[in-house]
$ cat target_30.cif   # mmCIF, C-alpha atoms and all ligand atoms
data_protein
loop_
_atom_site.label_atom_id
_atom_site.label_comp_id
_atom_site.auth_asym_id
_atom_site.auth_seq_id
_atom_site.Cartn_x
_atom_site.Cartn_y
_atom_site.Cartn_z
CA MET A 1 -4.22 17.31 2.89
CA LYS A 2 -5.04 14.90 5.63
CA LYS A 3 -3.99 15.32 9.23
CA GLN A 4 -3.91 12.43 11.64
CA MET A 5 -4.28 12.98 15.38
CA ARG A 6 -3.08 10.18 17.64
CA ASN A 7 -5.04 8.62 20.47
CA GLN A 8 -8.06 10.82 20.59
CA VAL A 9 -10.73 9.62 22.97
CA MET A 10 -14.29 9.73 21.79
CA VAL A 11 -16.50 10.46 24.73
CA ALA A 12 -20.17 9.52 24.76
CA LYS A 13 -22.40 12.42 25.76
CA SER A 14 -25.99 12.61 26.82
CA VAL A 15 -28.21 14.28 24.24
CA THR A 16 -29.26 17.80 25.17
CA ASP A 17 -32.19 19.76 23.70
CA GLU A 18 -29.70 22.03 21.96
CA ASP A 19 -28.00 18.96 20.43
CA LEU A 20 -31.32 17.65 19.13
CA LYS A 21 -32.19 20.98 17.56
CA LEU A 22 -28.85 21.09 15.74
CA ILE A 23 -29.05 17.42 14.73
CA ASN A 24 -32.54 17.78 13.31
CA GLN A 25 -31.28 20.39 10.86
CA TYR A 26 -29.63 17.51 9.03
CA THR A 27 -32.31 14.82 9.25
CA ARG A 28 -35.24 14.08 6.95
CA ARG A 29 -37.58 13.66 9.90
CA GLU A 30 -37.36 14.85 13.52
CA LEU A 31 -35.32 12.39 15.57
CA THR A 32 -35.83 11.91 19.30
CA ALA A 33 -33.12 11.79 21.94
CA GLU A 34 -33.57 8.01 22.19
CA GLU A 35 -32.89 7.53 18.48
CA VAL A 36 -29.50 9.25 18.40
CA PHE A 37 -26.12 8.61 19.94
CA VAL A 38 -23.94 11.66 20.56
CA PHE A 39 -20.19 11.73 21.16
CA GLU A 40 -17.45 14.30 21.40
CA THR A 41 -13.83 14.24 20.22
CA ILE A 42 -10.88 16.49 19.52
CA LEU A 43 -10.49 16.92 15.77
CA CYS A 44 -7.21 18.84 15.65
CA ASP A 45 -5.21 21.41 17.61
CA ASN A 46 -2.53 24.07 17.22
CA GLU A 47 0.38 21.82 18.26
CA ILE A 48 3.12 20.98 15.74
CA ASP A 49 2.35 17.59 14.20
CA ARG A 50 4.69 14.91 12.86
CA ASP A 51 4.85 16.68 9.49
CA GLY A 52 6.24 19.80 11.19
CA GLU A 53 2.99 21.68 10.62
CA ALA A 54 0.54 23.38 12.97
CA PHE A 55 -2.86 24.93 12.40
CA SER A 56 -3.12 28.62 13.25
CA LEU A 57 -5.67 29.65 15.84
CA ALA A 58 -7.62 31.39 13.08
CA SER A 59 -7.74 28.08 11.18
CA LEU A 60 -9.26 26.31 14.18
CA HIS A 61 -11.93 28.99 14.39
CA LYS A 62 -12.63 28.72 10.66
CA PHE A 63 -13.09 24.95 11.05
CA CYS A 64 -15.92 25.68 13.49
CA GLU A 65 -17.88 26.88 10.46
CA LEU A 66 -16.58 24.26 8.03
CA TYR A 67 -16.98 20.98 9.99
CA PRO A 68 -20.61 21.00 11.10
CA GLY A 69 -22.63 18.94 8.63
CA LYS A 70 -19.63 16.90 7.45
CA THR A 71 -19.95 13.14 7.74
CA GLY A 72 -17.28 11.00 9.33
CA ILE A 73 -16.20 7.50 8.44
CA PHE A 74 -15.09 4.76 10.82
CA ASP A 75 -12.10 2.63 9.95
CA HIS A 76 -11.96 4.13 6.48
CA ASN A 77 -14.86 1.98 5.46
CA PRO A 78 -17.17 4.28 3.55
CA CYS A 79 -19.41 1.37 2.50
CA GLY A 80 -21.25 0.68 5.73
CA GLU A 81 -24.13 3.09 6.13
CA SER A 82 -24.21 2.42 9.86
CA GLN A 83 -20.56 3.43 10.14
CA MET A 84 -21.33 7.04 9.39
CA ALA A 85 -21.56 9.80 11.92
CA ARG A 86 -22.30 13.45 11.27
CA MET A 87 -20.62 16.40 12.95
CA PHE A 88 -23.19 18.89 14.13
CA LYS A 89 -21.18 21.24 16.29
CA ALA A 90 -17.56 22.38 16.53
CA TRP A 91 -15.84 24.82 18.86
CA VAL A 92 -12.37 25.84 20.02
CA GLU A 93 -11.26 25.01 23.53
CA HIS A 94 -8.55 27.28 24.92
CA ARG A 95 -6.12 25.93 27.51
CA PRO A 96 -3.97 28.98 28.35
CA GLU A 97 -2.11 27.10 31.10
CA GLN A 98 -0.84 24.59 28.54
CA ARG A 99 1.75 25.72 25.96
CA THR A 100 2.55 24.39 22.52
CA ARG A 101 6.13 23.49 21.53
CA TYR A 102 6.46 26.98 20.10
CA GLY A 103 5.24 28.62 23.30
CA ALA A 104 1.70 29.63 22.30
CA PRO A 105 -1.35 28.91 24.46
CA TYR A 106 -2.72 25.51 23.50
CA ALA A 107 -6.06 25.36 21.70
CA ALA A 108 -8.02 22.40 20.37
CA LEU A 109 -10.91 22.02 17.96
CA HIS A 110 -13.67 19.94 19.50
CA GLY A 111 -16.41 18.34 17.51
CA LYS A 112 -19.72 16.83 18.53
CA ALA A 113 -21.16 14.18 16.24
CA TYR A 114 -24.21 11.96 16.19
CA MET A 115 -25.07 8.53 14.89
CA VAL A 116 -28.52 7.07 14.43
CA ARG A 117 -29.00 4.15 16.82
CA SER A 118 -29.63 0.91 14.92
CA GLY A 119 -28.73 -2.75 15.11
CA ARG A 120 -25.78 -2.14 12.82
CA SER A 121 -24.36 0.77 14.81
CA ALA A 122 -24.74 -0.99 18.20
CA ASP A 123 -21.19 -2.41 18.35
CA LEU A 124 -19.60 0.85 17.44
CA ILE A 125 -21.68 2.72 20.01
CA LEU A 126 -20.57 0.19 22.62
CA GLU A 127 -16.93 0.85 21.72
CA ILE A 128 -17.34 4.60 22.02
CA ASP A 129 -19.23 4.17 25.31
CA GLY A 130 -16.20 2.27 26.56
CA GLY A 131 -14.00 5.29 25.81
CA ILE A 132 -12.00 3.56 23.10
CA LYS A 133 -9.03 5.43 21.76
CA LYS A 134 -8.86 5.94 18.06
CA GLU A 135 -6.88 8.00 15.64
CA VAL A 136 -8.80 10.83 14.14
CA SER A 137 -7.89 12.08 10.75
CA VAL A 138 -9.24 15.26 9.28
CA GLY A 139 -9.18 16.11 5.61
CA CYS A 140 -8.97 19.76 4.71
CA SER A 141 -7.29 22.19 2.40
CA VAL A 142 -5.62 25.46 3.35
CA THR A 143 -4.72 28.33 1.07
CA ARG A 144 -1.65 29.39 3.05
CA LYS A 145 1.26 27.48 4.56
CA LEU A 146 3.43 30.03 6.31
CA CYS A 147 7.05 29.83 7.48
CA SER A 148 6.94 30.41 11.26
CA ILE A 149 10.21 32.35 11.08
CA CYS A 150 9.72 34.83 8.24
CA GLY A 151 6.08 34.40 7.20
CA ALA A 152 6.85 33.29 3.62
CA ASN A 153 3.94 31.38 2.07
CA TRP A 154 5.49 28.02 1.21
CA LYS A 155 2.62 27.28 -1.14
CA LYS A 156 4.03 29.96 -3.42
CA GLU A 157 7.68 30.53 -2.51
CA ARG A 158 10.54 29.00 -0.57
CA CYS A 159 12.61 30.90 1.96
CA SER A 160 15.94 29.88 3.52
CA HIS A 161 14.24 28.27 6.56
CA ALA A 162 13.50 24.58 6.96
CA ALA A 163 10.85 22.99 9.14
CA GLY A 164 12.32 21.28 12.19
CA GLU A 165 15.41 23.56 12.32
CA GLU A 166 16.01 26.27 14.90
CA TYR A 167 16.87 29.86 14.03
CA GLY A 168 18.04 32.08 16.90
CA GLY A 169 16.36 29.72 19.36
CA LYS A 170 13.07 29.75 17.41
CA LEU A 171 11.73 26.52 15.96
CA CYS A 172 10.75 26.61 12.30
CA PHE A 173 7.47 24.94 11.33
CA ALA A 174 4.70 25.48 8.82
CA ILE A 175 1.65 27.39 9.97
CA LEU A 176 -1.43 26.05 8.21
CA ASP A 177 -3.63 29.07 7.69
CA ASP A 178 -6.87 30.08 5.99
CA PRO A 179 -8.60 26.75 5.42
CA ASP A 180 -11.04 26.91 2.51
CA ASP A 181 -12.48 23.42 2.79
CA ALA A 182 -12.98 20.64 5.31
CA TYR A 183 -13.98 17.63 3.31
CA GLU A 184 -14.04 14.72 5.73
CA TRP A 185 -13.05 13.35 9.06
CA SER A 186 -12.57 9.72 9.99
CA PHE A 187 -11.59 7.38 12.77
CA VAL A 188 -8.99 4.66 12.45
CA ALA A 189 -9.13 1.93 15.08
CA VAL A 190 -5.67 0.51 14.45
CA PRO A 191 -2.87 3.04 14.41
CA ALA A 192 -1.68 3.34 10.84
CA GLN A 193 1.94 2.50 10.04
CA PRO A 194 3.93 5.72 9.95
CA ALA A 195 4.98 5.01 6.36
CA ALA A 196 1.44 4.24 5.29
CA GLY A 197 0.34 7.39 7.02
CA VAL A 198 2.69 9.45 4.91
CA VAL A 199 1.44 7.94 1.67
CA LYS A 200 -2.16 8.23 2.69
CA ALA A 201 -1.63 11.82 3.72
CA TYR A 202 -1.29 12.75 0.09
CA THR A 203 -4.21 10.84 -1.31
CA GLN A 204 -7.46 12.59 -0.87
CA LYS A 205 -9.90 9.74 -1.14
CA GLY A 206 -9.86 6.01 -1.60
CA GLU A 207 -7.00 3.61 -1.37
CA PHE A 208 -3.47 4.29 -2.41
CA GLN A 209 -2.55 2.87 -5.81
CA LEU A 210 0.76 2.76 -7.57
CA ASN A 211 -0.56 4.63 -10.58
CA GLN A 212 -1.40 7.53 -8.30
CA ILE A 213 2.29 8.33 -7.77
CA ASP A 214 2.25 10.99 -10.48
CA GLN A 215 -0.77 12.64 -8.90
CA ILE A 216 0.83 12.47 -5.48
CA VAL A 217 3.99 14.13 -6.77
CA LYS A 218 1.89 16.88 -8.34
CA SER A 219 0.00 17.47 -5.09
CA LEU A 220 3.20 18.12 -3.13
CA ASP A 221 4.99 21.39 -2.58
CA PRO A 222 7.35 22.05 -5.52
CA ASN A 223 10.44 21.31 -3.39
CA GLN A 224 9.02 18.18 -1.80
CA GLY A 225 7.81 17.03 -5.21
CA GLU A 226 11.30 17.39 -6.73
CA GLU A 227 12.87 15.41 -3.87
CA LEU A 228 10.34 12.62 -4.21
CA LYS A 229 10.77 12.50 -7.99
CA ALA A 230 14.56 12.27 -7.65
CA TYR A 231 14.15 9.52 -5.06
CA LEU A 232 11.71 7.62 -7.27
CA SER A 233 13.96 7.78 -10.32
CA ALA A 234 16.91 6.56 -8.22
CA LEU A 235 14.70 3.66 -7.11
CA GLU A 236 13.70 2.99 -10.71
CA ILE A 237 17.37 2.72 -11.77
CA GLU A 238 17.99 0.22 -8.95
CA ALA A 239 14.88 -1.71 -9.92
CA GLN A 240 16.07 -1.92 -13.54
CA ALA A 241 19.43 -3.31 -12.39
CA GLY A 242 17.55 -5.78 -10.17
CA ARG A 243 15.30 -6.92 -13.02
CA ALA A 244 18.32 -7.38 -15.34
CA TYR A 245 20.10 -9.50 -12.68
CA LEU A 246 16.97 -11.60 -12.15
CA ALA A 247 16.56 -12.24 -15.89
CA LYS A 248 20.22 -13.27 -16.22
CA LEU A 249 19.97 -15.55 -13.20
CA LYS A 250 16.84 -17.29 -14.55
CA LYS A 251 18.52 -17.89 -17.91
CA GLU A 252 21.62 -19.35 -16.26
CA VAL A 253 19.67 -21.63 -13.93
CA LEU A 254 17.75 -22.98 -16.92
CA SER A 255 20.98 -23.70 -18.88
CA LEU A 256 22.63 -25.25 -15.82
CA SER A 257 19.64 -27.49 -15.18
CA CYS A 258 19.92 -28.83 -18.74
CA LEU A 259 23.71 -29.26 -18.49
CA SER A 260 23.50 -31.02 -15.12
CA GLY A 261 21.23 -33.55 -16.75
CA ALA A 262 18.24 -33.01 -14.52
CA LYS A 263 15.48 -35.10 -16.05
CA ILE A 264 12.93 -32.36 -16.10
CA GLN A 265 11.27 -31.17 -19.25
CA GLY A 266 12.59 -27.79 -20.33
CA ASP A 267 9.21 -26.10 -20.29
CA VAL A 268 8.40 -27.47 -16.80
CA MET A 269 11.75 -26.21 -15.50
CA GLN A 270 11.20 -22.85 -17.14
CA SER A 271 7.79 -22.49 -15.54
CA VAL A 272 9.20 -23.38 -12.10
CA ILE A 273 12.06 -20.91 -12.56
CA GLN A 274 9.60 -18.13 -13.33
CA LYS A 275 8.03 -18.63 -9.90
CA MET A 276 11.30 -18.60 -7.93
CA ASN A 277 12.59 -15.63 -6.01
CA VAL A 278 16.19 -14.44 -6.06
CA GLN A 279 17.28 -16.49 -3.03
CA GLU A 280 15.80 -19.69 -4.50
CA LEU A 281 17.35 -19.05 -7.90
CA GLU A 282 20.74 -18.41 -6.32
CA ALA A 283 20.48 -21.66 -4.34
CA PHE A 284 19.64 -23.67 -7.47
CA HIS A 285 22.42 -21.92 -9.38
CA LYS A 286 24.94 -22.91 -6.70
CA ALA A 287 23.67 -26.48 -6.52
CA PHE A 288 23.67 -27.05 -10.30
CA SER A 289 27.12 -25.44 -10.64
CA ALA A 290 28.52 -27.66 -7.86
CA GLN A 291 27.04 -30.72 -9.54
CA LEU A 292 28.75 -29.80 -12.82
CA ASP A 293 32.09 -29.28 -11.05
CA GLU A 294 32.03 -32.78 -9.56
CA PRO A 295 34.19 -35.43 -11.23
CA GLY A 296 32.06 -37.61 -13.40
CA ALA A 297 29.45 -34.95 -13.89
CA LEU A 298 28.56 -36.41 -17.25
CA GLN A 299 27.73 -39.78 -15.66
CA LEU A 300 25.43 -37.95 -13.27
CA ALA A 301 23.52 -36.91 -16.30
CA ALA A 302 22.19 -40.41 -16.53
CA THR A 303 20.92 -40.56 -12.93
CA PRO A 304 17.80 -38.86 -11.59
CA MET A 305 18.45 -35.43 -10.22
CA GLN A 306 19.04 -35.19 -6.51
CA GLN A 307 17.47 -32.49 -4.41
CA PRO A 308 20.09 -29.74 -4.67
CA GLN A 309 21.64 -28.84 -1.34
CA GLY A 310 20.63 -25.52 0.15
CA ALA A 311 17.64 -25.21 -2.12
CA ASP A 312 14.34 -24.26 -0.63
CA SER A 313 12.64 -27.50 0.39
CA ALA A 314 9.36 -26.04 -0.79
CA PHE A 315 10.64 -26.44 -4.29
CA GLN A 316 10.91 -30.18 -4.58
CA ILE A 317 11.19 -31.38 -8.12
ZN ZN B 1 11.17 31.54 6.30
#

$ encode --input "target_30.cif" --output "structure tokens"
Amino acid sequence: MKKQMRNQVMVAKSVTDEDLKLINQYTRRELTAEEVFVFETILCDNEIDRDGEAFSLASLHKFCELYPGKTGIFDHNPCGESQMARMFKAWVEHRPEQRTRYGAPYAALHGKAYMVRSGRSADLILEIDGGIKKEVSVGCSVTRKLCSICGANWKKERCSHAAGEEYGGKLCFAILDDPDDAYEWSFVAVPAQPAAGVVKAYTQKGEFQLNQIDQIVKSLDPNQGEELKAYLSALEIEAQAGRAYLAKLKKEVLSLSCLSGAKIQGDVMQSVIQKMNVQELEAFHKAFSAQLDEPGALQLAATPMQQPQGADSAFQI
């Protein structure tokens, strides 16, 4: 699963001796303080996110072991070598004075990462130095997703509680517990569209593709998966009806264009029709029909076709 955190500030930090020691565990040769750029960010916290899920405190502590050494990608562009940063330290910050929506003391997972200074990383380093806000997304998998009301593990069973609902004044949400892997973290400069975020949340790597829908459905909770499948098949039925209407409309416009006497070769007209959208087809349908209804329509057959009224002017014939 992927979790996106909004508006996290990446703060540039001066390189300490301890940082260098940790960083050099991951490098082929010893780097000096001048060669590296170090920054800090919040990776995730124990607040309820937009999916109605929150990491347990134990999960945040487990991430402290899992994240160091993991590379991060900027702007989801895994191609640029200079765009990579490596996490070398992670820790949990406790803010007891601040409470989560479910009343627990707030805690956040901080990460420290480094980049090697080079011509190609200069712009990015400048951005981070300027305290630019970015969205951080962390990729991880957890073995347990617990109902906050009764403790049922939603990965295995469903209970009667639903995330987002209140039961006896207590908010129900999913507690993400026992992470077994942290596979990546990344920064997104432009906030993702909420809808795109949802789709991306269920793809582990790479770009979303239509043929991944089956895999996405399989990766969901059984209940969520069923809902999505039902929704998709309802959409498919609508799409079939839409395709049938479009085919019928194209056929009729072609016949009408012949009947109205438009002096366009059949195959040219057919090729143009194939490129039209529904609104354009409907406009041509109306125009050709009106032409046929006019008195003396057969005489019109002998005159060059006029630009049908209401038709898209982009489609001049
Ligand atoms: Zn429950």

$ residues_near_ligand --input "target_30.cif" --ligand "ligand ZN 1 (chain B)" --cutoff "7 Å" --atoms "all atoms listed in the file" --output "ChimeraX atom specification"
/A:147-152,159-161

$ write_last_selection --input "target_30.cif" --atoms "C-alpha atoms" --output "mmCIF file, in the coordinates of the input"
data_model
loop_
_atom_site.group_PDB
_atom_site.id
_atom_site.type_symbol
_atom_site.label_atom_id
_atom_site.label_comp_id
_atom_site.auth_asym_id
_atom_site.auth_seq_id
_atom_site.Cartn_x
_atom_site.Cartn_y
_atom_site.Cartn_z
ATOM 1 C CA CYS A 147 7.050 29.830 7.480
ATOM 2 C CA SER A 148 6.940 30.410 11.260
ATOM 3 C CA ILE A 149 10.210 32.350 11.080
ATOM 4 C CA CYS A 150 9.720 34.830 8.240
ATOM 5 C CA GLY A 151 6.080 34.400 7.200
ATOM 6 C CA ALA A 152 6.850 33.290 3.620
ATOM 7 C CA CYS A 159 12.610 30.900 1.960
ATOM 8 C CA SER A 160 15.940 29.880 3.520
ATOM 9 C CA HIS A 161 14.240 28.270 6.560
#

$ closest_residue --input "target_30.cif" --among "A:Ala104, A:Ala33, A:Ala244, A:Leu60" --to "Thr16 of chain A" --atoms "all atoms listed in the file"
A:Ala33

$ atom_distance --input "target_30.cif" --atom1 "atom CA of Gln279 of chain A" --atom2 "atom CA of Asp267 of chain A"
21.3 Å

$ residues_around --input "target_30.cif" --residues "segment 180-182 of chain A" --least-positions-apart "3" --cutoff "12 Å" --atoms "only C-alpha atoms" --output "count of residues only"
33

$ atom_distance --input "target_30.cif" --atom1 "atom CA of Leu249 of chain A" --atom2 "atom CA of Leu281 of chain A"
6.9 Å

$ closest_residue --input "target_30.cif" --among "A:Leu254, A:Ala107, A:Met115, A:Ala234" --to "Ile73 of chain A" --atoms "all atoms listed in the file"
A:Met115

$ atom_distance --input "target_30.cif" --atom1 "atom CA of Gln224 of chain A" --atom2 "atom CA of Lys170 of chain A"
22.8 Å

$ closest_residue --input "target_30.cif" --among "A:Tyr231, A:Phe284, A:Phe39, A:Phe55" --to "Val116 of chain A" --atoms "only C-alpha atoms"
A:Phe39

$ closest_residue --input "target_30.cif" --among "A:Glu252, A:Asp49, A:Glu93, A:Glu135" --to "Glu282 of chain A" --atoms "all atoms listed in the file"
A:Glu252

$ closest_residue --input "target_30.cif" --among "A:Thr32, A:Gln291, A:Glu280, A:Ser56" --to "Gly261 of chain A" --atoms "only C-alpha atoms"
A:Gln291

$ closest_residue --input "target_30.cif" --among "A:Glu35, A:Glu47, A:Glu226, A:Asp221" --to "Ala108 of chain A" --atoms "only C-alpha atoms"
A:Glu47
